[in-house]
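A short write-up of the structure that comes next.
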Amino acid sequence: MVELVLTINDKDGSYTEHAAVVLASIFSKTEQTIRVHIVHDDSLSEENKSKLTQMVDVFHHNIFFYHVTIPEDMREVAAGVHKIDYWTMASMYRLLLPIIIQTDRVIYLDCDILVNMDINELWSIDLGDRYLGAVLDQGENLLEYFISMGLSAELYFNSGVILFHLDNIRKKDNWYGEMLNFLRNFPKMTMPDQDVLNAVYSGNYLQLDQCFNTFAQNELDLEHKIIHFAGDSKWWDADSPMQSYTIISVP
């Protein structure tokens with residue numbers, strides 16, 4: 001049983017459609033049963049919850065919904081982060097997965113991702129005593145930025161695809177307090193959730209092959225990859241090279 005989590009903040013209704021396409025891309029390549037966990041706030045309507053449920057049912061998988069209220073102490077310190085309005089408070093949801101999702105492990109995916117491989121390949125990776133598995137970030141050189149927050153450029157991972165070992169995290173002393181302290185101490189961070197995850201866990205994580213989180217480029221080799229549209233251009237844009245691929249989306 002593969003455990004998979006997506007987070008949804010859906011003010012205009014379109015984000016649920018994106019999540020559905022991500023799920024369909026996974027289901028079309030994976031035979032093993034998947035248990036989908038949707039972490040959301042009030043913006044996910046009952047109608048869209050029903051649509052997701054019907055879609056997952058068609059593929060004979062399981063889906064569960066978790067309505068989340070961010071703890072007051074985290075909301076207070078996150079509100080002081082300059083970029084939080086850009087990323088929204090929903091970006092904090094993945095920081096809370098060890099509390100929200102009561103499984104040993106879970107795969108987290110952003111919704112600007114498409115999966116063109118059997119997700120069980122990622123799920124089957126043994127993390128041992130590590131907190132998570134992730135791919136080194138492929139963004140621009142931000143050495144001065146990393147140094148300013150005590151982060152390692154050589155270890156800095158992208159948070160769009162993460163295999164979390166939730167049990168190992170729950171055994172870590174004060175993991176929640178460490179996150180709050182980092183948010184409080186570095187309010188000028190530009191990628192709040194990703195920076196926090198690196199600050200707390202990059203000292204003990206497994207670096208995954210880039211095929212599990214390949215940043216989209218103009219010329220795309222789609223074969224056997226998880227493709228991440230991490231920049232301004234997304235797969236749902238009209239001029240995206242992935243438009244023909246996403247036609248397979250939702251039955």
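Each chain in the structure tokens gets a letter, A, B, ..., in the order shown, and its residues are numbered from 1; ligands are numbered from 1 in order too.
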
May I have the residues within 7 Å of stretch 95-101 of chain A as a VMD selection string, using only C-alpha atoms and disregarding those fewer than 2 positions away in the same chain? chain A and resid 92 to 93 103 166 169 to 170 193

If we count only C-alpha atoms, what is near A:Ser152 at a cut-off of 12 Å, once residues fewer than 3 positions away on the same chain are taken out, given as a VMD selection string? chain A and resid 136 to 137 141 to 149 155 to 157 195 198 to 203

Quick one: of A:Ser25, A:Asn168, A:Thr88, A:Asn116, who's nearest to A:Leu132, counting only C-alpha atoms?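 Smallest distance to A:Leu132 is found for A:Asn168.
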
For stretch 110-115 of chain A, list every protein, DNA or RNA residue within 6 Å, evaluated using only C-alpha atoms, and leave out those in the same chain fewer than 5 positions away; present the list as number ranges by chain. A: 19, 22, 25-26, 160, 226-229

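The two atoms in question, atom CA of A:Val58 and atom CA of A:Glu31, are spaced 13.6 Å apart.
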
Work out how far apart atom CA of A:Leu4 and atom CA of A:Ile38 are and give it in Å to one decimal.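 These two atoms are separated by 8.6 Å.
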